[in-house]
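Novice: Let me begin by handing over the structure; questions about it come next.
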2 protein chains.
Amino acid sequence: MGTQRLKVVLGRDDSYDIRVGEGLFDRLGAHLREVTEAKKAVIVTDSNVAPHYLGQVRSALAQEGFEPFDLTVAAGEASKGLAVAAELWDALALLGIGRDGLLVALGGGVIGDLAGFVASTYMRGIDFVQLPTSLLAMVDSSVGGKTALNLDGGKNLVGTFKQPAYVTADLKALGTLPAEEWGNGFAEIAKSAFVDGGEFLSWLDGHADALAAQDGGAVQQAVVRSLAFKARIVASDEKEKGVRECLNYGHTFGHALEAVSGYRIPHGRAVAEGMRFAARLAVEAARAPAALADAQDALLDRLGLGPVTEPFAADDLYGLMLSDKKVRNGGLRFVLLASPGAWEAVAVDPDLVKIYLILWEQARMGKRQEEL
Amino acid sequence: MGTQRLKVVLGRDDSYDIRVGEGLFDRLGAHLREVTEAKKAVIVTDSNVAPHYLGQVRSALAQEGFEPFDLTVAAGEASKGLAVAAELWDALALLGIGRDGLLVALGGGVIGDLAGFVASTYMRGIDFVQLPTSLLAMVDSSVGGKTALNLDGGKNLVGTFKQPAYVTADLKALGTLPAEEWGNGFAEIAKSAFVDGGEFLSWLDGHADALAAQDGGAVQQAVVRSLAFKARIVASDEKEKGVRECLNYGHTFGHALEAVSGYRIPHGRAVAEGMRFAARLAVEAARAPAALADAQDALLDRLGLGPVTEPFAADDLYGLMLSDKKVRNGGLRFVLLASPGAWEAVAVDPDLVKIYLILWEQARMGKRQEEL
C-alpha cells in the first residue's frame with residue numbers, strides 16, 4: 001500500500017496535511033519544505049525513540065537545508081511536566097530559536113503533548129509538526145491540536161489548542177513498538193469506529209483479527225480511517241465546544257479507572273472498559289439495545305482488550321469522575337451511543353451513575369469471591 | 001466625564017467590550033453577567049492592589065450571584081514566573097474551577113500577563129477579564145491578548161495570545177498609583193500617538209501638560225484614545241503577523257536598554273529613549289526629517305520622560321537586541337517613522353545600528369566627561 005494523504009481543514013486559510021505510509025521519515029525534509037521556511041528545526045524526542053529514529057530524522061532535515069538540533073528527554077509520563085517544559089523553553093532560547101523556528105515532535109503521546117505545549121507557548125507560539133511513533137499517537141493524539149502537561153493538581157491540567165503544521169505517520173516506526181502499546185492504539189480505533197458507525201465499524205468488524213495480528217495493510221487502513229474520522233470532527237469543532245465531545249466516548253469512566261489504579265491500567269484497557277461501562281449505562285440512559293453492549297464486548301475481546309476484573313471501589317471512581325475536566329457546573333457528562341454512529345453527550349443523573357458503578361464493583365467482587 | 005465604551009472586533013463572532021470611567025468596579029458584577037454564565041469567579045491580584053480594591057471587586061461579584069474566590073500573589077515582577085503560575089493552576093484545581101469558570105485579573109501588567117497565561121492554559125483555556133489598575137496596563141497590556149511569563153531564558157519568553165472576555169479601566173484605581181508608575185503609562189501613550197499620528201498626536205500635543213499633571217479629564221481621554229488606537233490595530237492583526245508590529249515602536253532599543261540596566265530603568269523611560277533612538281535612526285534609514293526627532297524629544301520631555309544619560313556599552317545593547325523575540329532569521333527589525341503616522345517595520349543594516357549605538361554611547365560618555 002502506498003502513502004495516503006489526508007487534510008485537516010480548520011478555516012478558510014488554515015489547514016494541514018497528514019501523510020500515512022512506510023518509510024516517510026526519509027522524505028521528511030522535502031515534505032516539511034512545503035509547509036515552512038524555517039532554517040532551524042529542533043527535534044524533541046525521548047530516550048526510547050532517539051536510538052531508533054533520531055539520526056534518520058536529523059539527516060532528512062539536514063538534506064533539505066534545515067539546521068537540525070535535538071533535545072532528548074527521559075522516556076515516560078514523568079517528562080510531561082513543568083520541570084521538563086522549563087528546560088525545553090530555556091534550551092530553545094539558548095539555541096537562538098526565534099518565532100520563525102520549527103519544533104519537531106518525534107515520539108508517542110507524551111512527546112506530542114509536551115512538545116506541542118512548548119511550541120504553542122514559546123514566544124507565544126512557533127510552528128510544530130508531529131511525527132508520531134506509537135499507534136496511539138498515530139490514530140489519535142497527533143491530530144487535533146490538544147497539548148498538555150500534568151501538574152500536581154491533575155493529569156493534563158494545563159494545555160492549549162495548537163494545531164500542528166504537518167503530521168506524518170511513518171508506519172515503519174511501529175516496528176519497534178512494545179507489545180503492550182498496541183492495545184492503546186486499538187482501543188482508540190475501536191472507539192472511533194463505534195462513534196462513527198457505518199462503514200468504518202463494518203470494516204473494523206471484518207478486519208479486527210488482522211489488526212490484532214498487526215497485519216501491515218490492516219494497520220494502515222485503521223490509521224487512515226481513524227484519522228479521517230478525527231480530522232472531520234476536529235474540522236467542525238476545533239476547541240471542543242460541541243461535536244468534538246464525541247471523541248470522549250469511553251473516557252469519563254476510562255480516565256477515572258486509570259487514575260484509581262495509579263495508572264497501572266494502561267490507557268487502552270481503561271478506555272475499552274469505559275466503552276463497556278458506557279454501553280451498559282446507555283441501555284437505561286439512552287435507550288440503547290443491550291445487544292450493542294454485547295457486540296462491542298465481542299469486538300473489544302477480539303482486539304485483545306478484555307474486561308478489567310480488578311474490583312476498584314465505586315466511591316473512589318465516582319469521586320474521580322467529579323474532578324474531571326468534562327464536568328460542567330457539577331454535572332456528570334457521558335458520551336452514550338443509542339446505536340453505532342448515533343452518539344449524544346448527556347449529563348447523566350449522578351444517582352444512576354452511582355448505581356452502575358456499584359453494579360460494576362459488585363460484579364468484580366463476585367468474580368473475586370469465586371476465584372478465592 | 002461619563003463612562004466611555006469601546007469594542008475590540010476580532011472576527012465575525014468574536015469581540016469584546018472595554019469600559020473606561022470612574023467607579024466602574026462597583027458595577028462590575030452586572031457588566032460581567034453580560035459576558036459570562038460562570039458561577040465561580042477567581043480574582044487573581046497582588047499584595048499591593050488587594051488592600052485597596054479586592055474587597056470592592058469581591059462584593060460586586062457576589063452581588064450578581066458569582067461565587068468569588070481570590071488568589072493574591074506577591075507584588076512585583078518576580079511573581080510572573082513558572083513557580084507562581086504552578087501555584088495558581090493547582091489552586092484553581094483545588095477550588096474545583098471547571099472550564100466554565102472565570103478568572104479576573106485585578107492589577108497591573110504583571111498580574112494581567114500572569115493571570116492571562118494561567119487562564120489561557122488551565123484546562124486548555126478558560127475565560128478571563130482584565131481589571132487594569134495601573135495606567136500602563138490600562139493603555140496597553142490589558143487589551144490585545146498578549147500573556148507572558150518570564151523564564152531564565154528571557155523576559156516574556158513564554159506566553160500565549162488569549163483575548164480577554166471584557167476589560168474595565170476604573171480610573172479611580174489610579175488614585176493609589178505610585179508616582180514613578182505614571183511615566184510608564186505616558187510613554188506608551190506617546191508611542192501610540194506618534195505611530196497613529198494625525199488627530200491623536202495633535203490632541204496629545206495640546207494636552208501633554210494637563211496629562212503630566214494627572215488631570216482627570218486628560219487622563220481619561222488619553223486612555224480612551226490609546227485603547228481605540230490599539231483596538232483597531234489588534235483587530236486587524238491579532239497575532240502580530242503584520243501591522244501589529246507598529247506597537248513595537250521604541251521597543252527594540254527600549255527592551256535592550258531595560259535589560260542592560262538590570263531593569264533599573266523603568267519600562268516607560270526605556271521606551272521613550274527607544275523612540276528617541278529610533279527617530280535618529282529614521283533620519284538615515286527612513287528619510288525622516290531631523291525635526292521629527294526634535295519634536296518628539298520636546299513632547300517626551302513635557303511628559304517627564306527626559307533622556308537617559310547613563311552611558312551603557314554599545315556592544316552590550318547590540319547583543320541584547322540580537323536576542324530579542326522580534327529578530328527574524330538574524331535581521332534586526334525596527335519600527336521607524338518617516339513622519340507621524342507613517343511607520344514602517346524594517347530590517348536595518350546591523351552595521352548602521354552599531355554606528356548609532358556607538359554615537360549614543362559616546363554622547364553619554366562625553367556628558368560624563370563634562371560632569372567629571
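Residues in the C-alpha cells are named by chain (A, B, ... in the order shown) and by number from 1 within that chain; ligands are numbered from 1 in the order shown.
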I'd like the superposed copy of chain A - fitted to chain B by least squares over all paired Cα atoms - as a short mmCIF file (atom, residue, chain, number, x, y, z; two decimals) with C-alpha atoms, in the first residue's frame.
Specialist:
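The resulting file, selection19.cif, is shown below:
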data_model
loop_
_atom_site.label_atom_id
_atom_site.label_comp_id
_atom_site.auth_asym_id
_atom_site.auth_seq_id
_atom_site.Cartn_x
_atom_site.Cartn_y
_atom_site.Cartn_z
CA MET A 1 -16.86 62.79 32.02
CA GLY A 2 -19.06 59.69 31.95
CA THR A 3 -18.12 56.13 31.15
CA GLN A 4 -16.86 55.56 27.62
CA ARG A 5 -17.17 52.28 25.76
CA LEU A 6 -15.01 50.72 23.09
CA LYS A 7 -15.14 47.41 21.28
CA VAL A 8 -12.36 45.14 20.05
CA VAL A 9 -13.69 43.29 16.99
CA LEU A 10 -11.65 40.18 16.18
CA GLY A 11 -13.76 38.06 13.92
CA ARG A 12 -17.31 37.62 12.82
CA ASP A 13 -18.44 36.30 16.21
CA ASP A 14 -15.56 37.32 18.37
CA SER A 15 -15.37 40.70 20.05
CA TYR A 16 -15.15 42.19 23.50
CA ASP A 17 -16.06 45.40 25.24
CA ILE A 18 -13.89 47.86 27.08
CA ARG A 19 -15.29 50.36 29.55
CA VAL A 20 -13.31 53.38 30.75
CA GLY A 21 -14.62 55.58 33.56
CA GLU A 22 -14.78 56.38 37.27
CA GLY A 23 -16.16 53.92 39.83
CA LEU A 24 -16.68 51.05 37.38
CA PHE A 25 -15.60 48.37 39.86
CA ASP A 26 -18.86 48.91 41.77
CA ARG A 27 -20.91 47.93 38.73
CA LEU A 28 -18.59 45.12 37.68
CA GLY A 29 -20.90 42.23 38.55
CA ALA A 30 -23.66 43.42 36.25
CA HIS A 31 -21.18 44.11 33.43
CA LEU A 32 -19.68 40.64 33.75
CA ARG A 33 -23.11 39.02 33.65
CA GLU A 34 -23.36 40.33 30.10
CA VAL A 35 -20.39 38.22 29.02
CA THR A 36 -20.34 35.06 31.14
CA GLU A 37 -22.58 32.44 32.70
CA ALA A 38 -19.82 31.38 35.10
CA LYS A 39 -20.76 30.65 38.69
CA LYS A 40 -17.29 30.67 40.20
CA ALA A 41 -15.04 33.69 39.65
CA VAL A 42 -11.43 33.66 40.83
CA ILE A 43 -9.77 37.04 41.33
CA VAL A 44 -6.00 36.99 40.82
CA THR A 45 -4.35 40.06 42.32
CA ASP A 46 -1.20 41.13 44.13
CA SER A 47 -0.24 42.24 47.61
CA ASN A 48 -0.14 45.93 46.66
CA VAL A 49 -3.52 46.03 44.95
CA ALA A 50 -5.49 43.69 47.23
CA PRO A 51 -5.73 46.05 50.24
CA HIS A 52 -7.26 48.77 48.04
CA TYR A 53 -9.65 47.04 45.64
CA LEU A 54 -10.08 43.34 46.36
CA GLY A 55 -12.94 43.75 48.82
CA GLN A 56 -14.81 46.05 46.46
CA VAL A 57 -14.43 43.69 43.49
CA ARG A 58 -15.42 40.65 45.58
CA SER A 59 -18.60 42.40 46.73
CA ALA A 60 -19.50 43.51 43.23
CA LEU A 61 -19.19 39.92 42.02
CA ALA A 62 -21.10 38.41 44.93
CA GLN A 63 -23.95 40.89 44.40
CA GLU A 64 -24.63 39.40 40.98
CA GLY A 65 -24.55 35.81 42.18
CA PHE A 66 -20.95 34.95 41.40
CA GLU A 67 -19.17 32.78 43.95
CA PRO A 68 -15.95 34.82 44.35
CA PHE A 69 -12.54 33.40 45.31
CA ASP A 70 -9.24 35.23 45.42
CA LEU A 71 -5.62 34.29 44.95
CA THR A 72 -3.17 37.02 45.96
CA VAL A 73 0.46 36.82 44.84
CA ALA A 74 3.45 38.89 45.97
CA ALA A 75 3.64 42.25 44.17
CA GLY A 76 6.46 42.57 41.66
CA GLU A 77 7.93 41.10 38.50
CA ALA A 78 9.24 38.02 40.36
CA SER A 79 5.68 36.65 40.52
CA LYS A 80 5.52 36.49 36.71
CA GLY A 81 7.22 33.09 36.56
CA LEU A 82 6.57 29.37 36.41
CA ALA A 83 6.61 28.84 40.18
CA VAL A 84 3.71 31.21 40.83
CA ALA A 85 1.86 30.05 37.70
CA ALA A 86 2.08 26.46 38.99
CA GLU A 87 0.65 27.54 42.35
CA LEU A 88 -2.24 29.25 40.57
CA TRP A 89 -3.01 26.27 38.31
CA ASP A 90 -3.04 23.90 41.27
CA ALA A 91 -5.14 26.32 43.34
CA LEU A 92 -7.74 26.54 40.56
CA ALA A 93 -7.96 22.74 40.56
CA LEU A 94 -8.36 22.67 44.35
CA LEU A 95 -11.13 25.27 44.13
CA GLY A 96 -12.91 23.01 41.67
CA ILE A 97 -12.82 25.52 38.82
CA GLY A 98 -14.05 23.89 35.60
CA ARG A 99 -13.90 25.03 32.00
CA ASP A 100 -16.92 27.20 32.73
CA GLY A 101 -15.08 29.15 35.45
CA LEU A 102 -13.98 32.79 35.17
CA LEU A 103 -10.64 34.31 36.06
CA VAL A 104 -10.48 38.01 36.96
CA ALA A 105 -7.09 39.75 36.62
CA LEU A 106 -7.01 42.67 39.06
CA GLY A 107 -3.75 44.61 38.92
CA GLY A 108 -1.03 45.97 36.66
CA GLY A 109 0.81 44.41 33.77
CA VAL A 110 2.42 41.64 35.81
CA ILE A 111 -0.96 40.40 37.04
CA GLY A 112 -2.54 40.72 33.60
CA ASP A 113 0.26 38.77 31.91
CA LEU A 114 0.38 36.11 34.62
CA ALA A 115 -3.36 35.62 35.08
CA GLY A 116 -3.90 35.74 31.32
CA PHE A 117 -1.33 33.00 30.78
CA VAL A 118 -2.83 30.87 33.53
CA ALA A 119 -6.36 31.36 32.16
CA SER A 120 -5.26 30.58 28.60
CA THR A 121 -3.69 27.26 29.62
CA TYR A 122 -5.78 26.00 32.56
CA MET A 123 -7.82 23.11 31.13
CA ARG A 124 -6.77 24.44 27.69
CA GLY A 125 -8.32 27.81 28.34
CA ILE A 126 -11.00 29.40 30.48
CA ASP A 127 -12.48 32.90 30.16
CA PHE A 128 -10.74 35.79 31.83
CA VAL A 129 -11.32 39.51 32.20
CA GLN A 130 -8.91 42.36 32.78
CA LEU A 131 -9.28 44.97 35.50
CA PRO A 132 -6.11 47.02 34.99
CA THR A 133 -5.11 49.20 37.95
CA SER A 134 -1.99 50.87 36.50
CA LEU A 135 -1.99 53.47 33.73
CA LEU A 136 0.38 51.29 31.68
CA ALA A 137 -1.95 48.30 31.90
CA MET A 138 -4.96 50.50 31.10
CA VAL A 139 -3.49 51.99 27.93
CA ASP A 140 -1.59 48.98 26.70
CA SER A 141 -1.29 45.48 28.13
CA SER A 142 -4.90 44.90 29.25
CA VAL A 143 -6.10 44.95 25.63
CA GLY A 144 -4.71 42.81 22.85
CA GLY A 145 -4.41 39.41 24.45
CA LYS A 146 -0.68 39.05 24.90
CA THR A 147 0.06 36.93 27.97
CA ALA A 148 3.52 36.03 29.23
CA LEU A 149 5.83 34.59 31.85
CA ASN A 150 9.51 35.30 32.41
CA LEU A 151 11.92 32.36 32.35
CA ASP A 152 15.63 31.99 32.93
CA GLY A 153 15.98 32.09 29.14
CA GLY A 154 14.35 35.49 28.82
CA LYS A 155 11.67 37.97 29.81
CA ASN A 156 8.26 37.13 28.30
CA LEU A 157 9.88 34.04 26.77
CA VAL A 158 6.73 32.01 27.27
CA GLY A 159 3.19 33.18 26.57
CA THR A 160 0.06 32.95 24.48
CA PHE A 161 -2.37 35.08 22.54
CA LYS A 162 -5.60 34.96 24.54
CA GLN A 163 -8.07 37.80 24.31
CA PRO A 164 -9.92 38.77 27.48
CA ALA A 165 -13.71 38.48 27.51
CA TYR A 166 -14.03 42.01 28.88
CA VAL A 167 -11.86 44.90 30.08
CA THR A 168 -12.77 47.62 32.51
CA ALA A 169 -10.46 50.51 33.32
CA ASP A 170 -11.72 52.12 36.53
CA LEU A 171 -9.84 55.40 36.64
CA LYS A 172 -10.40 55.63 40.39
CA ALA A 173 -7.75 52.91 40.74
CA LEU A 174 -5.15 55.44 39.56
CA GLY A 175 -5.66 57.26 42.86
CA THR A 176 -3.26 54.82 44.52
CA LEU A 177 -0.78 54.58 41.64
CA PRO A 178 2.82 55.22 42.79
CA ALA A 179 4.36 58.38 41.29
CA GLU A 180 7.04 56.52 39.31
CA GLU A 181 4.37 54.41 37.58
CA TRP A 182 2.77 57.30 35.70
CA GLY A 183 5.72 57.66 33.33
CA ASN A 184 5.31 54.05 32.20
CA GLY A 185 1.82 54.84 31.00
CA PHE A 186 2.78 58.20 29.48
CA ALA A 187 5.47 56.57 27.31
CA GLU A 188 3.02 54.10 25.74
CA ILE A 189 0.50 56.90 25.19
CA ALA A 190 3.19 58.95 23.43
CA LYS A 191 4.25 55.91 21.40
CA SER A 192 0.67 55.33 20.24
CA ALA A 193 0.17 59.00 19.40
CA PHE A 194 3.30 59.15 17.21
CA VAL A 195 2.54 55.86 15.44
CA ASP A 196 -1.08 56.91 14.88
CA GLY A 197 -0.21 60.51 14.05
CA GLY A 198 -2.98 62.91 12.98
CA GLU A 199 -5.67 63.85 15.45
CA PHE A 200 -4.34 61.74 18.34
CA LEU A 201 -0.91 63.39 18.17
CA SER A 202 -2.44 66.88 17.87
CA TRP A 203 -4.59 66.17 20.90
CA LEU A 204 -1.59 64.93 22.91
CA ASP A 205 0.45 67.97 21.87
CA GLY A 206 -2.38 70.18 23.16
CA HIS A 207 -2.84 68.26 26.41
CA ALA A 208 0.63 66.97 27.35
CA ASP A 209 0.90 69.36 30.29
CA ALA A 210 -2.58 68.50 31.64
CA LEU A 211 -1.75 64.82 31.26
CA ALA A 212 1.60 65.22 33.02
CA ALA A 213 -0.30 66.96 35.84
CA GLN A 214 -2.60 63.91 36.04
CA ASP A 215 -5.69 65.94 35.20
CA GLY A 216 -8.66 63.54 35.31
CA GLY A 217 -10.23 64.57 32.03
CA ALA A 218 -6.92 64.44 30.17
CA VAL A 219 -6.10 61.04 31.64
CA GLN A 220 -9.46 59.58 30.58
CA GLN A 221 -9.07 60.99 27.06
CA ALA A 222 -5.55 59.59 26.81
CA VAL A 223 -6.71 56.14 27.94
CA VAL A 224 -9.65 56.09 25.54
CA ARG A 225 -7.61 57.36 22.59
CA SER A 226 -4.79 54.89 23.26
CA LEU A 227 -7.21 51.98 23.53
CA ALA A 228 -9.17 53.00 20.44
CA PHE A 229 -5.89 53.01 18.52
CA LYS A 230 -4.78 49.69 19.97
CA ALA A 231 -8.16 48.03 19.44
CA ARG A 232 -8.00 49.00 15.76
CA ILE A 233 -4.52 47.53 15.35
CA VAL A 234 -5.29 44.32 17.26
CA ALA A 235 -8.51 43.83 15.28
CA SER A 236 -6.58 43.78 12.04
CA ASP A 237 -3.71 41.59 13.27
CA GLU A 238 -4.50 39.63 16.38
CA LYS A 239 -1.34 37.50 16.42
CA GLU A 240 1.33 40.00 15.41
CA LYS A 241 1.95 38.80 11.90
CA GLY A 242 1.72 42.21 10.28
CA VAL A 243 0.60 45.70 11.22
CA ARG A 244 0.59 44.92 14.94
CA GLU A 245 4.35 45.20 14.76
CA CYS A 246 3.88 49.01 14.80
CA LEU A 247 3.13 48.74 18.52
CA ASN A 248 6.80 47.86 18.99
CA TYR A 249 7.87 51.41 18.14
CA GLY A 250 10.62 52.32 20.59
CA HIS A 251 10.76 48.77 21.93
CA THR A 252 13.71 47.27 20.02
CA PHE A 253 16.13 49.65 21.72
CA GLY A 254 13.87 50.04 24.77
CA HIS A 255 13.89 46.35 25.70
CA ALA A 256 17.66 46.17 25.31
CA LEU A 257 18.07 49.25 27.50
CA GLU A 258 15.83 47.83 30.23
CA ALA A 259 17.79 44.59 30.19
CA VAL A 260 21.27 46.17 30.14
CA SER A 261 20.33 48.25 33.18
CA GLY A 262 19.23 45.14 35.05
CA TYR A 263 15.69 46.58 34.90
CA ARG A 264 16.66 49.61 36.99
CA ILE A 265 15.45 51.85 34.14
CA PRO A 266 11.64 51.68 34.17
CA HIS A 267 9.79 50.47 31.07
CA GLY A 268 8.45 53.92 30.22
CA ARG A 269 11.79 55.64 30.34
CA ALA A 270 13.32 52.85 28.28
CA VAL A 271 10.59 53.01 25.62
CA ALA A 272 10.83 56.80 25.46
CA GLU A 273 14.58 56.50 24.96
CA GLY A 274 13.90 53.84 22.33
CA MET A 275 11.64 56.30 20.49
CA ARG A 276 14.41 58.93 20.64
CA PHE A 277 16.89 56.38 19.26
CA ALA A 278 14.53 55.18 16.52
CA ALA A 279 13.80 58.76 15.43
CA ARG A 280 17.52 59.39 14.89
CA LEU A 281 18.01 56.09 13.09
CA ALA A 282 15.00 56.99 10.90
CA VAL A 283 16.74 60.09 9.57
CA GLU A 284 19.20 57.85 7.75
CA ALA A 285 17.18 54.62 7.35
CA ALA A 286 13.71 56.01 6.56
CA ARG A 287 14.46 59.52 5.27
CA ALA A 288 12.67 61.10 8.23
CA PRO A 289 13.27 64.81 8.86
CA ALA A 290 15.56 65.58 11.80
CA ALA A 291 12.84 67.95 13.05
CA LEU A 292 10.64 64.93 13.88
CA ALA A 293 13.20 63.70 16.39
CA ASP A 294 13.33 67.14 17.98
CA ALA A 295 9.54 67.46 18.17
CA GLN A 296 9.29 64.02 19.71
CA ASP A 297 12.03 64.88 22.22
CA ALA A 298 10.12 67.99 23.26
CA LEU A 299 6.84 66.12 23.78
CA LEU A 300 8.53 63.35 25.77
CA ASP A 301 10.24 66.01 27.91
CA ARG A 302 6.87 67.61 28.67
CA LEU A 303 5.60 64.23 29.85
CA GLY A 304 8.51 63.96 32.27
CA LEU A 305 10.27 61.36 30.14
CA GLY A 306 13.68 63.02 29.84
CA PRO A 307 16.61 61.34 28.09
CA VAL A 308 18.60 58.55 29.70
CA THR A 309 22.07 59.90 30.48
CA GLU A 310 23.81 56.78 31.76
CA PRO A 311 26.36 55.53 29.19
CA PHE A 312 25.62 51.82 28.66
CA ALA A 313 28.00 49.98 26.32
CA ALA A 314 27.02 49.85 22.63
CA ASP A 315 28.24 46.24 22.41
CA ASP A 316 26.03 45.09 25.26
CA LEU A 317 22.97 46.80 23.80
CA TYR A 318 23.69 45.28 20.39
CA GLY A 319 23.97 41.77 21.83
CA LEU A 320 20.69 42.11 23.69
CA MET A 321 18.87 43.34 20.59
CA LEU A 322 19.99 40.25 18.70
CA SER A 323 18.39 37.99 21.31
CA ASP A 324 15.01 39.73 21.09
CA LYS A 325 11.84 37.90 19.98
CA LYS A 326 11.48 40.40 17.15
CA VAL A 327 14.62 39.13 15.42
CA ARG A 328 13.76 37.16 12.26
CA ASN A 329 16.35 34.95 10.58
CA GLY A 330 19.04 37.09 12.18
CA GLY A 331 17.75 40.49 10.95
CA LEU A 332 17.44 43.47 13.34
CA ARG A 333 13.95 44.87 13.00
CA PHE A 334 12.95 48.41 13.91
CA VAL A 335 9.69 50.29 13.62
CA LEU A 336 10.61 53.65 12.09
CA LEU A 337 8.53 56.74 11.33
CA ALA A 338 9.07 58.71 8.13
CA SER A 339 6.56 61.14 9.65
CA PRO A 340 3.95 60.80 12.43
CA GLY A 341 1.51 58.08 11.41
CA ALA A 342 3.74 56.85 8.57
CA TRP A 343 5.49 53.90 10.11
CA GLU A 344 7.33 50.99 8.59
CA ALA A 345 8.88 47.90 10.15
CA VAL A 346 12.26 47.38 8.56
CA ALA A 347 15.33 45.18 8.88
CA VAL A 348 18.04 47.77 9.46
CA ASP A 349 21.63 47.05 8.39
CA PRO A 350 23.32 45.80 11.59
CA ASP A 351 26.39 47.94 10.88
CA LEU A 352 24.24 51.06 10.75
CA VAL A 353 22.60 50.10 14.06
CA LYS A 354 26.04 49.64 15.57
CA ILE A 355 27.16 53.08 14.44
CA TYR A 356 24.11 54.69 16.04
CA LEU A 357 24.66 52.69 19.22
CA ILE A 358 28.26 53.90 19.40
CA LEU A 359 27.12 57.50 18.78
CA TRP A 360 24.53 57.04 21.54
CA GLU A 361 27.15 55.72 23.95
CA GLN A 362 29.71 58.38 23.07
CA ALA A 363 27.26 61.24 23.54
CA ARG A 364 26.68 59.98 27.10
CA MET A 365 30.38 59.39 27.76
CA GLY A 366 30.97 62.98 26.67
CA LYS A 367 28.33 64.25 29.08
CA ARG A 368 29.94 62.19 31.83
CA GLN A 369 33.32 63.72 31.03
CA GLU A 370 31.80 67.17 31.28
CA GLU A 371 30.24 66.27 34.62
CA LEU A 372 33.52 65.00 36.06
#
Novice: Please extract the residues of range 68-304 of chain A with a backbone DSSP assignment of alpha helix (DSSP H) and present them as a PyMOL selection string.
Specialist: chain A and resi 82-94+109-121+135-136+179-196+198-212+216-236+251-260+267-285+290-302
Novice: Per DSSP on the backbone, what are the strand (DSSP E or B) residues of range 100-182 of chain A, as a count of residues only?
Specialist: 32
